[in-house]
Every structure is written in C-alpha cells, then in structure tokens.
$ cat start.pdb   # PDB, C-alpha atoms
ATOM      1  CA  MET U   1     -20.080  31.467 -53.125
ATOM      2  CA  LEU U   2     -20.435  32.846 -56.637
ATOM      3  CA  GLN U   3     -19.039  36.308 -55.803
ATOM      4  CA  THR U   4     -15.785  34.813 -54.559
ATOM      5  CA  LYS U   5     -15.332  32.847 -57.775
ATOM      6  CA  LEU U   6     -15.946  35.956 -59.860
ATOM      7  CA  LYS U   7     -14.014  38.523 -57.788
ATOM      8  CA  ASN U   8     -11.765  39.498 -60.739
ATOM      9  CA  TYR U   9     -14.861  40.587 -62.670
ATOM     10  CA  PHE U  10     -16.311  42.838 -59.973
ATOM     11  CA  VAL U  11     -16.784  46.473 -61.029
ATOM     12  CA  ASP U  12     -17.663  48.853 -58.226
ATOM     13  CA  ASP U  13     -20.081  51.753 -58.505
ATOM     14  CA  LEU U  14     -18.851  55.309 -58.936
ATOM     15  CA  LEU U  15     -20.548  57.215 -56.135
ATOM     16  CA  TYR U  16     -19.289  60.301 -54.354
ATOM     17  CA  VAL U  17     -20.646  62.522 -51.577
ATOM     18  CA  ASP U  18     -21.326  65.410 -53.957
ATOM     19  CA  ASN U  19     -23.472  63.374 -56.359
ATOM     20  CA  GLU U  20     -26.785  64.989 -57.198
ATOM     21  CA  VAL U  21     -27.791  62.548 -59.939
ATOM     22  CA  ILE U  22     -27.202  58.804 -60.062
ATOM     23  CA  PHE U  23     -27.406  56.832 -63.292
ATOM     24  CA  VAL U  24     -28.519  53.226 -62.805
ATOM     25  CA  LEU U  25     -27.502  50.748 -65.485
ATOM     26  CA  GLU U  26     -27.563  46.968 -65.864
ATOM     27  CA  SER U  27     -24.115  45.509 -65.317
ATOM     28  CA  PRO U  28     -20.507  45.852 -66.415
ATOM     29  CA  HIS U  29     -19.266  44.335 -69.655
ATOM     30  CA  ILE U  30     -15.838  43.744 -71.237
ATOM     31  CA  GLN U  31     -14.567  47.359 -71.244
ATOM     32  CA  GLU U  32     -15.873  47.958 -67.740
ATOM     33  CA  VAL U  33     -14.058  44.902 -66.362
ATOM     34  CA  LYS U  34     -10.896  45.909 -68.226
ATOM     35  CA  ASN U  35     -10.972  49.536 -67.022
ATOM     36  CA  GLY U  36     -12.374  48.893 -63.548
ATOM     37  CA  TYR U  37     -15.269  51.360 -63.711
ATOM     38  CA  PRO U  38     -18.818  51.348 -65.136
ATOM     39  CA  VAL U  39     -19.876  52.697 -68.545
ATOM     40  CA  ALA U  40     -16.369  52.564 -70.024
ATOM     41  CA  GLY U  41     -17.264  51.338 -73.524
ATOM     42  CA  LYS U  42     -19.190  52.553 -76.556
ATOM     43  CA  SER U  43     -22.397  53.172 -74.607
ATOM     44  CA  GLY U  44     -20.392  55.382 -72.267
ATOM     45  CA  VAL U  45     -19.031  57.409 -75.180
ATOM     46  CA  ASP U  46     -22.553  57.756 -76.592
ATOM     47  CA  MET U  47     -23.804  58.992 -73.197
ATOM     48  CA  SER U  48     -21.062  61.626 -72.979
ATOM     49  CA  LYS U  49     -21.710  62.849 -76.510
ATOM     50  CA  VAL U  50     -25.401  63.359 -75.819
ATOM     51  CA  LEU U  51     -25.065  64.825 -72.325
ATOM     52  CA  PHE U  52     -21.837  66.836 -72.538
ATOM     53  CA  SER U  53     -20.712  66.861 -76.200
ATOM     54  CA  LYS U  54     -17.568  64.995 -75.149
ATOM     55  CA  ASN U  55     -15.920  62.084 -76.919
ATOM     56  CA  GLU U  56     -14.797  60.223 -73.779
ATOM     57  CA  ALA U  57     -16.629  57.443 -71.996
ATOM     58  CA  PHE U  58     -19.087  58.700 -69.408
ATOM     59  CA  GLY U  59     -17.638  56.340 -66.806
ATOM     60  CA  LYS U  60     -14.141  57.681 -67.406
ATOM     61  CA  LEU U  61     -15.317  61.272 -66.921
ATOM     62  CA  VAL U  62     -16.976  60.332 -63.630
ATOM     63  CA  TYR U  63     -14.062  58.101 -62.537
ATOM     64  CA  GLU U  64     -11.532  60.876 -63.175
ATOM     65  CA  LYS U  65     -13.877  63.354 -61.463
ATOM     66  CA  LYS U  66     -14.129  65.555 -64.542
ATOM     67  CA  ILE U  67     -17.850  65.379 -63.792
ATOM     68  CA  THR U  68     -18.433  65.710 -60.077
ATOM     69  CA  ASN U  69     -22.166  65.866 -59.499
ATOM     70  CA  ILE U  70     -23.062  62.534 -61.173
ATOM     71  CA  GLY U  71     -22.651  58.973 -59.930
ATOM     72  CA  ILE U  72     -23.055  55.598 -61.635
ATOM     73  CA  LEU U  73     -24.500  52.461 -60.093
ATOM     74  CA  ASN U  74     -25.057  49.090 -61.782
ATOM     75  CA  VAL U  75     -27.831  46.740 -60.696
ATOM     76  CA  SER U  76     -25.219  43.960 -60.774
ATOM     77  CA  ASN U  77     -21.553  44.626 -60.074
ATOM     78  CA  PHE U  78     -20.731  41.473 -62.030
ATOM     79  CA  PRO U  79     -21.257  41.085 -65.791
ATOM     80  CA  LEU U  80     -24.520  39.422 -66.735
ATOM     81  CA  GLN U  81     -23.373  38.767 -70.310
ATOM     82  CA  MET U  82     -21.318  35.614 -70.583
ATOM     83  CA  SER U  83     -19.155  37.193 -73.288
ATOM     84  CA  ALA U  84     -17.562  39.390 -70.609
ATOM     85  CA  TYR U  85     -15.924  36.363 -69.006
ATOM     86  CA  GLU U  86     -12.675  35.237 -70.580
ATOM     87  CA  ASN U  87     -10.692  32.170 -69.616
ATOM     88  CA  ILE U  88     -12.892  31.283 -66.716
ATOM     89  CA  SER U  89     -14.369  27.904 -66.073
ATOM     90  CA  THR U  90     -17.975  28.877 -65.683
ATOM     91  CA  CYS U  91     -19.922  27.965 -62.600
ATOM     92  CA  SER U  92     -23.247  26.266 -63.082
ATOM     93  CA  GLU U  93     -25.020  29.352 -61.708
ATOM     94  CA  MET U  94     -23.549  31.623 -64.388
ATOM     95  CA  VAL U  95     -25.765  30.084 -67.044
ATOM     96  CA  TYR U  96     -28.587  32.032 -65.420
ATOM     97  CA  PHE U  97     -26.898  35.423 -65.836
ATOM     98  CA  GLU U  98     -27.970  35.752 -69.472
ATOM     99  CA  LYS U  99     -31.489  34.619 -68.572
ATOM    100  CA  ILE U 100     -31.691  37.180 -65.777
ATOM    101  CA  ARG U 101     -30.607  39.891 -68.175
ATOM    102  CA  GLN U 102     -32.767  38.936 -71.138
ATOM    103  CA  ASN U 103     -36.090  38.182 -69.505
ATOM    104  CA  PRO U 104     -37.062  39.481 -66.066
ATOM    105  CA  LYS U 105     -40.215  37.318 -66.094
ATOM    106  CA  LEU U 106     -38.042  34.198 -65.922
ATOM    107  CA  ARG U 107     -36.874  35.254 -62.477
ATOM    108  CA  LYS U 108     -40.087  33.936 -60.989
ATOM    109  CA  LYS U 109     -40.271  30.743 -63.043
ATOM    110  CA  ILE U 110     -36.823  29.193 -62.688
ATOM    111  CA  ASN U 111     -36.223  27.905 -59.177
ATOM    112  CA  PRO U 112     -32.415  27.693 -59.281
ATOM    113  CA  ILE U 113     -32.259  31.332 -60.303
ATOM    114  CA  ASN U 114     -34.048  32.604 -57.210
ATOM    115  CA  PRO U 115     -31.118  32.643 -54.739
ATOM    116  CA  ILE U 116     -28.909  34.432 -57.271
ATOM    117  CA  ILE U 117     -31.601  36.990 -58.063
ATOM    118  CA  GLN U 118     -32.492  37.521 -54.415
ATOM    119  CA  GLU U 119     -28.897  38.223 -53.463
ATOM    120  CA  MET U 120     -28.370  40.528 -56.462
ATOM    121  CA  MET U 121     -31.594  42.466 -55.861
ATOM    122  CA  GLU U 122     -30.983  42.795 -52.125
ATOM    123  CA  ASN U 123     -27.489  44.134 -52.796
ATOM    124  CA  PHE U 124     -28.848  46.557 -55.416
ATOM    125  CA  LYS U 125     -31.629  47.707 -53.081
ATOM    126  CA  ASN U 126     -29.193  48.325 -50.225
ATOM    127  CA  ARG U 127     -26.780  50.320 -52.389
ATOM    128  CA  LEU U 128     -29.412  52.512 -54.058
ATOM    129  CA  SER U 129     -31.477  53.031 -50.883
ATOM    130  CA  LEU U 130     -28.632  55.120 -49.504
ATOM    131  CA  HIS U 131     -29.362  57.731 -52.179
ATOM    132  CA  LYS U 132     -33.064  58.469 -51.848
ATOM    133  CA  ASP U 133     -32.273  62.181 -51.687
ATOM    134  CA  LYS U 134     -30.699  62.116 -55.174
ATOM    135  CA  LYS U 135     -32.199  62.304 -58.636
ATOM    136  CA  ILE U 136     -32.175  58.816 -60.162
ATOM    137  CA  VAL U 137     -31.908  57.983 -63.882
ATOM    138  CA  LEU U 138     -32.960  54.417 -64.700
ATOM    139  CA  CYS U 139     -31.319  53.440 -68.006
ATOM    140  CA  GLY U 140     -33.111  50.656 -69.841
ATOM    141  CA  ASN U 141     -35.684  48.000 -69.087
ATOM    142  CA  PHE U 142     -33.433  45.874 -66.901
ATOM    143  CA  ALA U 143     -32.592  48.754 -64.544
ATOM    144  CA  GLN U 144     -36.221  49.875 -64.498
ATOM    145  CA  ASN U 145     -37.614  46.390 -63.813
ATOM    146  CA  SER U 146     -34.995  45.769 -61.129
ATOM    147  CA  PHE U 147     -35.824  49.062 -59.429
ATOM    148  CA  ASP U 148     -39.558  48.341 -59.538
ATOM    149  CA  SER U 149     -39.068  44.867 -58.081
ATOM    150  CA  VAL U 150     -37.337  46.020 -54.869
ATOM    151  CA  LEU U 151     -37.823  49.765 -54.397
ATOM    152  CA  ASN U 152     -40.654  52.279 -54.256
ATOM    153  CA  GLU U 153     -40.314  55.240 -56.595
ATOM    154  CA  SER U 154     -42.179  57.547 -54.208
ATOM    155  CA  ASP U 155     -39.362  57.095 -51.668
ATOM    156  CA  PHE U 156     -36.921  58.883 -53.978
ATOM    157  CA  LYS U 157     -36.492  62.580 -54.714
ATOM    158  CA  GLU U 158     -37.000  62.180 -58.476
ATOM    159  CA  VAL U 159     -36.807  59.258 -60.891
ATOM    160  CA  LEU U 160     -36.461  59.477 -64.658
ATOM    161  CA  ARG U 161     -36.770  56.445 -66.924
ATOM    162  CA  VAL U 162     -34.802  56.511 -70.163
ATOM    163  CA  PRO U 163     -33.809  53.905 -72.744
ATOM    164  CA  HIS U 164     -30.494  52.131 -72.362
ATOM    165  CA  PRO U 165     -27.796  54.101 -74.225
ATOM    166  CA  SER U 166     -26.675  51.065 -76.263
ATOM    167  CA  PHE U 167     -27.363  50.809 -80.005
ATOM    168  CA  ASN U 168     -27.396  54.629 -80.287
ATOM    169  CA  ASN U 169     -30.804  54.670 -78.585
ATOM    170  CA  TRP U 170     -30.239  58.140 -77.201
ATOM    171  CA  LYS U 171     -29.884  59.535 -80.718
ATOM    172  CA  LYS U 172     -33.012  57.887 -82.116
ATOM    173  CA  GLU U 173     -35.915  60.082 -83.139
ATOM    174  CA  ARG U 174     -38.441  58.101 -81.088
ATOM    175  CA  TYR U 175     -36.561  58.888 -77.862
ATOM    176  CA  LYS U 176     -35.763  62.547 -78.527
ATOM    177  CA  ASP U 177     -38.313  63.919 -76.031
ATOM    178  CA  VAL U 178     -37.179  61.787 -73.101
ATOM    179  CA  ILE U 179     -33.507  62.475 -73.918
ATOM    180  CA  LYS U 180     -34.225  66.200 -74.014
ATOM    181  CA  GLU U 181     -35.842  65.778 -70.583
ATOM    182  CA  LEU U 182     -32.751  63.839 -69.434
ATOM    183  CA  VAL U 183     -30.391  66.627 -70.487
ATOM    184  CA  GLU U 184     -32.447  69.070 -68.395
ATOM    185  CA  PHE U 185     -32.672  66.576 -65.538
ATOM    186  CA  VAL U 186     -28.886  66.370 -65.100
ATOM    187  CA  LYS U 187     -28.275  70.143 -65.214
TER     188      LYS U 187
END
$ encode --input "start.pdb" --output "structure tokens"
Amino acid sequence: MLQTKLKNYFVDDLLYVDNEVIFVLESPHIQEVKNGYPVAGKSGVDMSKVLFSKNEAFGKLVYEKKITNIGILNVSNFPLQMSAYENISTCSEMVYFEKIRQNPKLRKKINPINPIIQEMMENFKNRLSLHKDKKIVLCGNFAQNSFDSVLNESDFKEVLRVPHPSFNNWKKERYKDVIKELVEFVK
C-alpha cells in the first residue's frame, strides 16, 4: 500500500471543533513535511500577511492556535510534488503524483492512476464532508477541481473559490476583488 510506504511524509489536517472557516489546499510540500503541519512555507507566510498582517506562516498560526476559528485541510495528505521526497526510493505509483497535480483531465485518461485518485478523492470527500456546516475556502484550481469531482457545493454552508496563494497570487491586481471578498469571508 502506497500510504504505508510514504508514512513519514504524511501531514495531517489542522481542524478543531471551533473552526468556522476551513481552507482547502492541494497537498503538503517540503516545509509542511519538515514542520508537520500544512501551509508552513512561503505561501503560508503570504496568506498570513494578506489575511492578518502577520509575518508568520498561516499553518503555524493555526497549529499554535493563535488563530482559533480557522482550519486547514489538504486534498492530499501526502505531497504531490516529487521534489518533496528526499532520499526515498520512489514507488512506481508516485510518478503519477505530478500528473495528478498538474492536469486533472489526465485522471480520466490514465488507467493506472485511477486507483490512486479514487482513494485520494474518497479520503478527501470523507474528511471534508464532516464540515458541511462550515464556510469553505477552495484555494487554487486543484482544490476546486477536486471538490467539484466528489462533492456538491449546495451541500455546504458557503464556498468561496480563490486563487492558490503561491507566486504572490493574493497580491496581484487581477485577484484583488476576490481577495477582498476572502478577507471579509474569514471575519
């Protein structure tokens, strides 16, 4: 089983009973694996700057419960970028991780990918379905496409779709209206 082989790279969600808003992102990467919580790297710092004018990673603030009404959930609890895996003899299935991440349309075309995708999407669906009464923020195309493939938006309290925070997207002029809406959404 792939999960057993990759257990040292598992990064759990940060969800608490008092969460009102849940951010859904793609998957952990190097800093997340190192720190043991989601959104621990540069994207996390960018999120905190935009949302709270803080210079600490968003995941760290949630992990340390400095922010108590927000949770973080990744579609995949394992990194989908191969660069997150160091000193590991890769399994044949891992070659599909990058493909899953880069092009959701390939999920339907590549037969060997289907069992991996099905297990990942079922796990994601089960974890997020427990929070239908919360406000959901889908960060980036991967999170949005994953959500749309296994869940029904009308079953949730509120859903907001925003760009992924990487590459300073949240500070770009073209996204200013949706980011302004996001800031209001998390208040």
$ closest_residue --input "start.pdb" --among "U:Lys132, U:Lys172, U:Lys34, U:Lys42" --to "U:Glu153" --atoms "all atoms listed in the file"
U:Lys132
$ resolve_selection --input "start.pdb" --expression "the PyMOL selection byres ((chain U and resi 165-167) around 9)" --output "list in words"
Lys42, Ser43, Gly44, Asp46, Met47, Cys139, Gly140, Val162, Pro163, His164, Asn168, Asn169, Trp170 and Lys171 of chain U
$ write_last_selection --input "start.pdb" --atoms "C-alpha atoms" --output "compact mmCIF listing (two decimals), keeping the file's coordinate frame"
# COMPACT_ATOMS: atom_id res chain seq x y z
CA LYS U 42 -19.19 52.55 -76.56
CA SER U 43 -22.40 53.17 -74.61
CA GLY U 44 -20.39 55.38 -72.27
CA ASP U 46 -22.55 57.76 -76.59
CA MET U 47 -23.80 58.99 -73.20
CA CYS U 139 -31.32 53.44 -68.01
CA GLY U 140 -33.11 50.66 -69.84
CA VAL U 162 -34.80 56.51 -70.16
CA PRO U 163 -33.81 53.90 -72.74
CA HIS U 164 -30.49 52.13 -72.36
CA ASN U 168 -27.40 54.63 -80.29
CA ASN U 169 -30.80 54.67 -78.58
CA TRP U 170 -30.24 58.14 -77.20
CA LYS U 171 -29.88 59.54 -80.72
$ closest_residue --input "start.pdb" --among "U:Glu158, U:Val50, U:Val24, U:Asp12" --to "U:Lys176" --atoms "all atoms listed in the file"
U:Val50
$ atom_distance --input "start.pdb" --atom1 "atom CA of U:Lys65" --atom2 "atom CA of U:Gln144"
26.3 Å
$ residues_around --input "start.pdb" --residues "U:Asn69" --least-positions-apart "2" --cutoff "8 Å" --atoms "all atoms listed in the file" --output "MDAnalysis selection string"
chainID U and resid 18:21 67 71
$ closest_residue --input "start.pdb" --among "U:Ile116, U:Val45, U:Val137, U:Leu160" --to "U:Ile22" --atoms "all atoms listed in the file"
U:Val137
$ residues_around --input "start.pdb" --residues "U:Glu86" --least-positions-apart "6" --cutoff "12 Å" --atoms "only C-alpha atoms" --output "list in words"
Leu6, Asn8, Tyr9, His29, Ile30, Val33, Lys34 and Pro79 of chain U
$ atom_distance --input "start.pdb" --atom1 "atom CA of U:Ser27" --atom2 "atom CA of U:Ser76"
4.9 Å
$ closest_residue --input "start.pdb" --among "U:Phe156, U:Tyr175, U:Phe142, U:Phe78" --to "U:Lys7" --atoms "only C-alpha atoms"
U:Phe78
$ closest_residue --input "start.pdb" --among "U:Ser48, U:Ser154, U:Asn114, U:Asn77" --to "U:Val11" --atoms "all atoms listed in the file"
U:Asn77
$ resolve_selection --input "start.pdb" --expression "the PyMOL selection byres ((chain U and resi 73) around 7)" --output "compact mmCIF listing (two decimals) with C-alpha atoms, in the frame of the given file"
# COMPACT_ATOMS: atom_id res chain seq x y z
CA ASP U 13 -20.08 51.75 -58.50
CA LEU U 14 -18.85 55.31 -58.94
CA ILE U 22 -27.20 58.80 -60.06
CA PHE U 23 -27.41 56.83 -63.29
CA VAL U 24 -28.52 53.23 -62.80
CA LEU U 25 -27.50 50.75 -65.48
CA GLY U 71 -22.65 58.97 -59.93
CA ILE U 72 -23.06 55.60 -61.64
CA ASN U 74 -25.06 49.09 -61.78
CA VAL U 75 -27.83 46.74 -60.70
$ atom_distance --input "start.pdb" --atom1 "atom CA of U:Phe185" --atom2 "atom CA of U:Lys60"
20.6 Å
$ closest_residue --input "start.pdb" --among "U:Val150, U:Gln31, U:Val186, U:Gln102" --to "U:Glu119" --atoms "all atoms listed in the file"
U:Val150
$ resolve_selection --input "start.pdb" --expression "the PyMOL selection byres ((chain U and resi 82) around 8)" --output "list in words"
Pro79, Leu80, Gln81, Ser83, Ala84, Tyr85, Met94, Val95, Phe97 and Glu98 of chain U
$ write_last_selection --input "start.pdb" --atoms "C-alpha atoms" --output "PDB file, in the coordinates of the input"
ATOM      1  CA  PRO U  79     -21.257  41.085 -65.791  1.00  0.00           C
ATOM      2  CA  LEU U  80     -24.520  39.422 -66.735  1.00  0.00           C
ATOM      3  CA  GLN U  81     -23.373  38.767 -70.310  1.00  0.00           C
ATOM      4  CA  SER U  83     -19.155  37.193 -73.288  1.00  0.00           C
ATOM      5  CA  ALA U  84     -17.562  39.390 -70.609  1.00  0.00           C
ATOM      6  CA  TYR U  85     -15.924  36.363 -69.006  1.00  0.00           C
ATOM      7  CA  MET U  94     -23.549  31.623 -64.388  1.00  0.00           C
ATOM      8  CA  VAL U  95     -25.765  30.084 -67.044  1.00  0.00           C
ATOM      9  CA  PHE U  97     -26.898  35.423 -65.836  1.00  0.00           C
ATOM     10  CA  GLU U  98     -27.970  35.752 -69.472  1.00  0.00           C
TER      11      GLU U  98
END
$ axis_aligned_box --input "start.pdb" --around "stretch 134-140 of chain U" --padding-each-side "3 Å" --output "lines of an AutoDock Vina configuration file"
center_x = -31.9
center_y = 56.5
center_z = -62.5
size_x = 8.4
size_y = 17.6
size_z = 20.7
$ residues_around --input "start.pdb" --residues "U:Lys157" --least-positions-apart "3" --cutoff "7 Å" --atoms "all atoms listed in the file" --output "JSON, numbers by chain"
{"U": [132, 133, 134, 135]}
